[in-house]
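Novice: Take a look at query.cif, mmCIF, C-alpha atoms:
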data_run
#
loop_
_atom_site.label_atom_id
_atom_site.label_comp_id
_atom_site.auth_asym_id
_atom_site.auth_seq_id
_atom_site.Cartn_x
_atom_site.Cartn_y
_atom_site.Cartn_z
CA MET A 1 43.46 -150.97 62.76
CA ILE A 2 39.97 -149.56 63.20
CA LEU A 3 37.39 -149.44 60.41
CA ARG A 4 34.45 -147.09 60.78
CA SER A 5 31.31 -147.48 58.63
CA PHE A 6 28.94 -144.57 58.26
CA VAL A 7 25.88 -146.56 57.19
CA ALA A 8 23.35 -143.75 57.27
CA ALA A 9 25.26 -141.70 54.72
CA ALA A 10 25.95 -144.65 52.44
CA GLY A 11 22.33 -145.79 52.06
CA ILE A 12 21.07 -149.16 50.84
CA ALA A 13 23.20 -149.10 47.68
CA GLY A 14 26.33 -148.68 49.75
CA LEU A 15 25.39 -151.63 51.94
CA ILE A 16 24.87 -153.84 48.89
CA ALA A 17 28.18 -152.81 47.33
CA ALA A 18 30.08 -153.51 50.55
CA SER A 19 28.53 -156.90 51.18
CA PRO A 20 30.81 -159.98 50.79
CA VAL A 21 27.86 -161.74 49.12
CA PHE A 22 28.35 -159.45 46.13
CA GLY A 23 31.94 -160.45 45.52
CA GLN A 24 34.07 -158.30 47.80
CA ASP A 25 37.36 -160.14 48.42
CA LYS A 26 38.67 -160.58 51.92
CA PRO A 27 42.05 -158.91 52.60
CA THR A 28 44.99 -161.23 52.06
CA ARG A 29 46.48 -162.50 55.32
CA LEU A 30 50.18 -161.67 55.25
CA THR A 31 52.40 -164.61 56.21
CA PHE A 32 55.99 -165.70 55.69
CA GLU A 33 56.46 -168.29 52.97
CA VAL A 34 59.23 -170.25 54.73
CA MET A 35 60.59 -170.17 58.25
CA SER A 36 62.91 -171.96 60.64
CA ILE A 37 62.25 -171.93 64.41
CA LYS A 38 64.88 -173.43 66.70
CA PRO A 39 65.66 -173.12 70.41
CA TRP A 40 68.66 -170.89 71.08
CA LYS A 41 71.63 -172.63 72.69
CA SER A 42 73.53 -171.09 75.57
CA GLY A 43 76.83 -169.59 74.46
CA GLN A 44 75.59 -168.55 71.03
CA PRO A 45 75.28 -164.87 70.07
CA GLY A 46 71.82 -163.58 70.87
CA GLY A 47 69.46 -160.81 71.76
CA GLY A 48 68.66 -159.50 68.29
CA ILE A 49 65.51 -159.21 66.20
CA THR A 50 65.63 -157.31 62.93
CA THR A 51 64.63 -157.14 59.28
CA LEU A 52 67.20 -157.74 56.57
CA PRO A 53 67.70 -155.43 53.58
CA GLY A 54 65.28 -156.00 50.72
CA GLY A 55 61.97 -156.17 52.57
CA GLN A 56 61.72 -159.97 52.52
CA GLU A 57 63.37 -161.48 55.62
CA TYR A 58 63.08 -161.21 59.38
CA ARG A 59 65.80 -162.70 61.59
CA THR A 60 65.67 -163.36 65.33
CA VAL A 61 68.77 -164.53 67.19
CA GLY A 62 68.54 -165.61 70.82
CA ALA A 63 65.49 -163.51 71.66
CA PRO A 64 62.65 -164.39 74.07
CA VAL A 65 59.03 -164.19 72.97
CA MET A 66 58.49 -161.22 75.29
CA LEU A 67 60.96 -159.18 73.23
CA MET A 68 59.38 -160.36 69.96
CA ILE A 69 55.95 -159.16 71.08
CA SER A 70 57.37 -155.83 72.23
CA VAL A 71 59.06 -155.19 68.87
CA VAL A 72 56.42 -156.33 66.37
CA TYR A 73 53.46 -154.94 68.32
CA ARG A 74 55.43 -151.83 69.40
CA ILE A 75 54.45 -152.06 73.03
CA LEU A 76 56.73 -151.75 76.04
CA ILE A 77 57.60 -154.92 77.95
CA PRO A 78 56.13 -153.59 81.26
CA GLN A 79 52.78 -153.29 79.43
CA ILE A 80 52.78 -156.99 78.47
CA THR A 81 51.09 -159.16 81.10
CA GLY A 82 50.13 -162.80 81.52
CA GLY A 83 51.74 -165.85 80.00
CA PRO A 84 54.09 -168.52 81.42
CA ASP A 85 57.63 -167.85 82.67
CA TRP A 86 59.24 -169.33 79.56
CA ILE A 87 58.24 -166.34 77.40
CA ASN A 88 60.97 -164.48 79.30
CA ASP A 89 63.40 -167.33 79.89
CA ALA A 90 63.40 -169.41 76.69
CA ARG A 91 65.17 -167.91 73.69
CA TRP A 92 64.72 -168.69 70.03
CA ASN A 93 66.47 -168.44 66.68
CA ILE A 94 63.99 -167.67 63.90
CA ASP A 95 64.66 -167.14 60.20
CA ALA A 96 61.53 -166.12 58.29
CA LYS A 97 61.25 -165.24 54.62
CA ALA A 98 58.36 -163.81 52.61
CA ASP A 99 57.44 -164.87 49.08
CA HIS A 100 59.19 -161.85 47.56
CA GLY A 101 61.00 -158.64 48.48
CA GLY A 102 59.70 -155.12 48.73
CA TYR A 103 57.43 -155.46 51.76
CA THR A 104 57.26 -152.53 54.16
CA LEU A 105 58.37 -152.74 57.78
CA ASP A 106 54.74 -152.68 58.94
CA GLU A 107 53.86 -155.54 56.56
CA LEU A 108 56.79 -157.63 57.83
CA HIS A 109 55.64 -156.92 61.39
CA GLU A 110 52.16 -158.15 60.46
CA MET A 111 53.69 -161.36 59.07
CA TYR A 112 55.62 -161.81 62.31
CA GLN A 113 52.45 -161.28 64.34
CA ASN A 114 50.72 -163.97 62.30
CA MET A 115 53.72 -166.27 62.79
CA LEU A 116 53.37 -165.86 66.58
CA ALA A 117 49.69 -166.74 66.28
CA ASP A 118 50.29 -169.76 64.03
CA GLN A 119 53.49 -171.24 65.45
CA PHE A 120 53.34 -170.15 69.11
CA LYS A 121 49.52 -170.26 69.30
CA LEU A 122 49.54 -166.76 70.78
CA LYS A 123 46.14 -165.46 71.84
CA PHE A 124 45.74 -162.13 73.58
CA HIS A 125 43.46 -159.21 74.26
CA ARG A 126 44.07 -155.56 75.03
CA GLU A 127 43.08 -153.52 78.05
CA THR A 128 43.38 -149.80 78.71
CA LYS A 129 43.70 -148.32 82.18
CA GLU A 130 44.33 -144.83 83.49
CA GLY A 131 47.86 -144.38 84.76
CA PRO A 132 51.01 -142.23 84.77
CA VAL A 133 52.33 -141.37 81.29
CA TYR A 134 54.60 -138.93 79.54
CA ALA A 135 52.73 -136.83 76.98
CA LEU A 136 54.85 -135.89 73.96
CA THR A 137 53.91 -132.37 72.82
CA ILE A 138 55.37 -129.62 70.66
CA ASP A 139 57.41 -127.19 72.73
CA LYS A 140 56.36 -123.52 72.73
CA PRO A 141 59.28 -122.22 70.60
CA GLY A 142 58.13 -124.59 67.84
CA LEU A 143 59.10 -127.79 66.05
CA LYS A 144 62.73 -128.24 64.97
CA MET A 145 62.46 -131.52 63.06
CA LYS A 146 62.46 -131.61 59.26
CA LEU A 147 59.38 -132.99 57.49
CA ASN A 148 60.25 -135.90 55.17
CA SER A 149 57.90 -135.92 52.18
CA SER A 150 59.32 -139.17 50.75
CA PRO A 151 59.34 -141.69 53.63
CA GLU A 152 61.14 -145.00 53.15
CA PRO A 153 58.75 -147.70 54.36
CA LEU A 154 61.34 -150.41 55.08
CA LYS A 155 64.30 -148.67 56.66
CA VAL A 156 64.48 -148.82 60.47
CA PRO A 157 63.46 -145.25 61.41
CA ILE A 158 65.82 -144.60 64.34
CA THR A 159 69.46 -145.72 64.51
CA GLY A 160 72.70 -144.71 66.15
CA ASP A 161 74.07 -144.06 69.62
CA ALA A 162 73.13 -141.09 71.82
CA LEU A 163 76.78 -140.51 72.78
CA SER A 164 78.43 -141.16 69.41
CA PRO A 165 79.73 -138.23 67.31
CA ASP A 166 76.69 -138.51 65.00
CA GLY A 167 74.24 -139.20 67.83
CA ILE A 168 70.82 -140.70 67.17
CA ILE A 169 69.67 -140.45 63.54
CA GLY A 170 65.95 -140.31 62.85
CA HIS A 171 64.88 -140.88 59.25
CA SER A 172 61.24 -140.94 58.15
CA VAL A 173 60.05 -141.23 61.74
CA ALA A 174 56.33 -141.24 62.55
CA MET A 175 55.36 -139.87 65.95
CA GLU A 176 53.83 -143.17 67.05
CA TYR A 177 57.18 -144.85 66.41
CA LEU A 178 59.03 -142.07 68.25
CA THR A 179 56.81 -142.43 71.33
CA TRP A 180 57.46 -146.19 71.41
CA TRP A 181 61.21 -145.62 71.01
CA LEU A 182 61.27 -143.00 73.78
CA GLY A 183 59.23 -145.26 76.04
CA GLN A 184 61.88 -147.97 75.71
CA ARG A 185 64.53 -145.55 76.94
CA LEU A 186 62.41 -144.31 79.84
CA GLN A 187 61.17 -147.65 81.11
CA GLN A 188 62.82 -147.09 84.49
CA ASP A 189 60.36 -144.21 85.01
CA GLY A 190 57.38 -146.54 84.70
CA ARG A 191 55.62 -144.14 82.31
CA PRO A 192 54.84 -144.99 78.69
CA VAL A 193 54.97 -142.13 76.20
CA ILE A 194 51.78 -141.11 74.36
CA ASN A 195 51.61 -138.90 71.29
CA LYS A 196 49.89 -135.54 71.79
CA THR A 197 51.80 -133.62 69.11
CA GLY A 198 49.03 -133.72 66.50
CA LEU A 199 51.71 -134.52 63.89
CA ASP A 200 50.82 -137.19 61.33
CA GLY A 201 53.80 -136.94 58.96
CA TYR A 202 57.30 -138.44 58.88
CA TYR A 203 60.30 -136.51 60.19
CA ASP A 204 64.10 -136.47 60.04
CA PHE A 205 66.27 -135.40 62.97
CA LYS A 206 69.50 -135.82 64.92
CA LEU A 207 69.49 -136.22 68.68
CA SER A 208 72.35 -136.38 71.19
CA TYR A 209 71.85 -136.80 74.92
CA MET A 210 73.22 -138.44 78.06
CA PRO A 211 71.24 -141.64 78.65
CA GLU A 212 70.39 -143.01 82.07
CA LEU A 213 73.11 -145.51 83.00
CA PRO A 214 73.06 -148.41 85.45
CA PRO A 215 74.65 -147.57 88.81
CA ASP A 216 77.52 -150.00 88.20
CA PHE A 217 78.31 -148.74 84.68
CA PRO A 218 82.06 -148.02 84.40
CA ARG A 219 82.30 -144.27 83.86
CA ASP A 220 85.74 -144.58 82.28
CA ARG A 221 84.07 -146.17 79.25
CA LEU A 222 82.13 -142.99 78.48
CA PRO A 223 83.34 -140.56 75.78
CA PRO A 224 85.36 -137.61 77.16
CA ASP A 225 82.56 -135.11 76.42
CA ALA A 226 79.71 -137.28 77.78
CA ALA A 227 79.17 -135.00 80.78
CA ASP A 228 78.40 -132.12 78.39
CA HIS A 229 75.40 -133.90 76.87
CA PRO A 230 71.95 -132.86 78.14
CA ASN A 231 69.49 -135.41 79.48
CA VAL A 232 66.84 -136.70 77.07
CA PHE A 233 64.16 -134.26 78.29
CA GLN A 234 66.36 -131.23 77.67
CA ALA A 235 67.69 -132.62 74.39
CA LEU A 236 64.19 -133.14 73.01
CA ARG A 237 63.30 -129.50 73.71
CA GLU A 238 66.56 -127.98 72.46
CA GLN A 239 67.20 -130.21 69.43
CA LEU A 240 63.76 -131.40 68.24
CA GLY A 241 61.34 -128.83 69.63
CA LEU A 242 59.43 -131.50 71.57
CA ARG A 243 58.51 -131.73 75.23
CA LEU A 244 57.78 -134.65 77.55
CA GLU A 245 55.23 -133.79 80.23
CA PRO A 246 54.29 -136.13 83.10
CA GLN A 247 50.51 -136.60 83.15
CA LYS A 248 47.76 -139.09 83.82
CA GLY A 249 46.52 -140.79 80.68
CA PRO A 250 45.43 -144.04 79.00
CA VAL A 251 47.92 -146.90 79.35
CA ALA A 252 47.44 -149.79 76.91
CA TYR A 253 48.14 -153.34 78.12
CA PHE A 254 48.79 -156.42 75.99
CA VAL A 255 47.31 -159.34 77.95
CA ILE A 256 48.43 -162.83 76.93
CA ASP A 257 45.55 -165.32 77.21
CA SER A 258 47.45 -168.40 76.01
CA ILE A 259 50.67 -169.35 74.26
CA GLU A 260 52.56 -172.59 73.49
CA LYS A 261 56.13 -173.51 72.70
CA PRO A 262 56.45 -174.31 68.99
CA ALA A 263 57.82 -177.52 67.59
CA ALA A 264 61.35 -176.83 66.36
CA ASN A 265 61.75 -177.18 62.61
#
Here is a file; write its structure as structure tokens.

Specialist:
Amino acid sequence: MILRSFVAAAGIAGLIAASPVFGQDKPTRLTFEVMSIKPWKSGQPGGGITTLPGGQEYRTVGAPVMLMISVVYRILIPQITGGPDWINDARWNIDAKADHGGYTLDELHEMYQNMLADQFKLKFHRETKEGPVYALTIDKPGLKMKLNSSPEPLKVPITGDALSPDGIIGHSVAMEYLTWWLGQRLQQDGRPVINKTGLDGYYDFKLSYMPELPPDFPRDRLPPDAADHPNVFQALREQLGLRLEPQKGPVAYFVIDSIEKPAAN
């Protein structure tokens, strides 16, 4: 979040009005009201981190801190550097609850970020370096997504399976979220996705494609028509009117300065 002050235009009166000395309240720091943090035990279900319906609770089951950072800061794991080995190896069960329901997804993410700072003593800084990226642009034939004028601020924007009959469902998706989501699916390429569409709204869409599979993935488990699905690059052009172009661009890095294991509670 970047705040820009145009002092020259505001004049002395504007400076006085904006000064904390004259009664301006500081923004409220969003935090969970209650939480439980426990080490995950081998053999338990795990690997999940999600909000619960109602805009009040966040639940983590068997997830490492590296995944938590990736989700709540929306940054790809290869762009997270520093920190001890346990942020990948140790897994945690976390139940966190806000003081009431109705918070947006971004507000719950901010609470989770503050929880990492308070309970895991996470300190970090950001760096930007030039590197290989995919630029997400609008394809020449034009955009094929539907503008959503009534976005739902809590619902997870992208759900579904690329090879299921319904495919991937995008609902109230901002382009910054879409670039993060695409970057997760293209991590093997070593290129994060950056938004160059110029779009600042929220969009609905359906997307079906053939994902990249591990070499040892059993092909007999694929749906019968899987071979007919286009790859993600072709699907984006044909179904959404978007294009991924390999370029050089700014790559953001999340650099962990220090972090501690929390006391279980």

Novice: Report as a list in words the residues that result from applying the PyMOL selection byres ((chain A and resi 144) around 9) to the structure here.

Specialist: Pro141, Gly142, Leu143, Met145, Lys146, Phe205, Arg237, Glu238, Gln239, Leu240, Gly241 and Leu242 of chain A

Novice: I would like the residues chosen by the PyMOL selection byres ((chain A and resi 192) around 7) on the shown file; could you give them as a PyMOL selection string?

Specialist: chain A and resi 133-134+183+190-191+193-194

Novice: Skip Pro250 in chain A itself and residues of its chain fewer than 6 positions away, then list as a CSV table (one decimal) with C-alpha atoms, in the frame of the given file all residues within 9 Å of it, counting all atoms listed in the file.

Specialist:
chain,number,residue,atom,x,y,z
A,128,THR,CA,43.4,-149.8,78.7
A,129,LYS,CA,43.7,-148.3,82.2
A,130,GLU,CA,44.3,-144.8,83.5
A,131,GLY,CA,47.9,-144.4,84.8
A,132,PRO,CA,51.0,-142.2,84.8
A,133,VAL,CA,52.3,-141.4,81.3
A,194,ILE,CA,51.8,-141.1,74.4

Novice: Written as number ranges by chain, which residues does the PyMOL selection byres ((chain A and resi 165) around 12) give for the file shown?

Specialist: A: 160-164, 166-169, 206-209, 223-226, 229

Novice: Could those residues be written to a file, using C-alpha atoms, as a compact mmCIF listing (two decimals), keeping the file's coordinate frame?

Specialist:
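So the final result, stored in out-v8.txt, reads:
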# COMPACT_ATOMS: atom_id res chain seq x y z
CA GLY A 160 72.70 -144.71 66.15
CA ASP A 161 74.07 -144.06 69.62
CA ALA A 162 73.13 -141.09 71.82
CA LEU A 163 76.78 -140.51 72.78
CA SER A 164 78.43 -141.16 69.41
CA ASP A 166 76.69 -138.51 65.00
CA GLY A 167 74.24 -139.20 67.83
CA ILE A 168 70.82 -140.70 67.17
CA ILE A 169 69.67 -140.45 63.54
CA LYS A 206 69.50 -135.82 64.92
CA LEU A 207 69.49 -136.22 68.68
CA SER A 208 72.35 -136.38 71.19
CA TYR A 209 71.85 -136.80 74.92
CA PRO A 223 83.34 -140.56 75.78
CA PRO A 224 85.36 -137.61 77.16
CA ASP A 225 82.56 -135.11 76.42
CA ALA A 226 79.71 -137.28 77.78
CA HIS A 229 75.40 -133.90 76.87

Novice: Go ahead and compute the interatomic distance for CA of Tyr202 in chain A and CA of Thr137 in chain A, in Å to one decimal.

Specialist: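 Separating CA of Tyr202 in chain A from CA of Thr137 in chain A is a distance of 15.6 Å.
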
Novice: Looking at only C-alpha atoms, which of A:His171, A:Arg91, A:His125, A:Lys97 is the one that sits closest to Gly48 in chain A?

Specialist: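 Answer, going by the shortest atom-to-atom distance: A:Arg91.
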
Novice: Give me the residues near Ser70 in chain A as number ranges by chain, where near means some atom within 10 Å (using all atoms listed in the file) and where sequence neighbours in that chain fewer than 4 positions away do not count.

Specialist: A: 65-66, 74-80, 180, 184, 254

Novice: Okay, now the selection with C-alpha atoms, as a PDB file, keeping the file's coordinate frame?

Specialist:
ATOM      1  CA  VAL A  65      59.030-164.190  72.970  1.00  0.00           C
ATOM      2  CA  MET A  66      58.490-161.220  75.290  1.00  0.00           C
ATOM      3  CA  ARG A  74      55.430-151.830  69.400  1.00  0.00           C
ATOM      4  CA  ILE A  75      54.450-152.060  73.030  1.00  0.00           C
ATOM      5  CA  LEU A  76      56.730-151.750  76.040  1.00  0.00           C
ATOM      6  CA  ILE A  77      57.600-154.920  77.950  1.00  0.00           C
ATOM      7  CA  PRO A  78      56.130-153.590  81.260  1.00  0.00           C
ATOM      8  CA  GLN A  79      52.780-153.290  79.430  1.00  0.00           C
ATOM      9  CA  ILE A  80      52.780-156.990  78.470  1.00  0.00           C
ATOM     10  CA  TRP A 180      57.460-146.190  71.410  1.00  0.00           C
ATOM     11  CA  GLN A 184      61.880-147.970  75.710  1.00  0.00           C
ATOM     12  CA  PHE A 254      48.790-156.420  75.990  1.00  0.00           C
TER      13      PHE A 254
END

Novice: Ranking A:Leu122, A:Met111, A:Leu116, A:Ile37 by minimum distance to Ile256 in chain A and counting all atoms listed in the file, which one comes first?

Specialist: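 Of A:Leu122, A:Met111, A:Leu116, A:Ile37, the one nearest Ile256 in chain A is A:Leu122, counting all atoms listed in the file.
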
Novice: Just to confirm, what's the straight-line distance from CA of Ala263 in chain A to CA of Lys121 in chain A in Å (one decimal)?

Specialist: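 Interatomic distance here is 11.2 Å.
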
Novice: Calculated over all atoms listed in the file, which of the candidates A:Tyr203, A:Phe124, A:Trp181, A:Trp92 has the smallest distance to Ser42 in chain A?

Specialist: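 When distances to Ser42 in chain A are compared using all atoms listed in the file, the smallest one comes from A:Trp92.
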
Novice: Which residue is closest to Met35 in chain A? Choose from A:Pro84, A:Glu57, A:Asn148, A:Leu52 and count only C-alpha atoms.

Specialist: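 Checking each candidate against Met35 in chain A, we get A:Glu57 as the closest.
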
Novice: In Å, rounded to a single decimal, give me how far CA of Ile69 in chain A is from CA of Trp40 in chain A.

Specialist: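 Taking CA of Trp40 in chain A and CA of Ile69 in chain A, their separation equals 17.3 Å.
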
Novice: Smallest atom-to-atom distance to Pro262 in chain A: which of A:Met115, A:Leu67, A:Leu108, A:Leu186, using all atoms listed in the file?

Specialist: A:Met115

Novice: Given the point (52.9, -140.2, 68.3) in the file's coordinates, find the residues that have an atom at most 10 Å from it, counting all atoms listed in the file, and give them as a PyMOL selection string.

Specialist: chain A and resi 135-137+173-180+193-201

Novice: For each of A:Glu107, A:Asp216, A:Asp257, A:Asp204, take the minimum atom-to-atom distance to Arg29 in chain A, counting all atoms listed in the file, then give the residue where this is smallest.

Specialist: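 Using all atoms listed in the file, the shortest distance to Arg29 in chain A belongs to A:Glu107.
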
Novice: Listed atoms of range 147-156 of chain A, axis-aligned box, 3 Å per side: centre and edge lengths to one decimal in Å, as JSON?

Specialist:
{"center_x": 61.2, "center_y": -141.7, "center_z": 55.6, "size_x": 12.6, "size_y": 23.4, "size_z": 15.7}
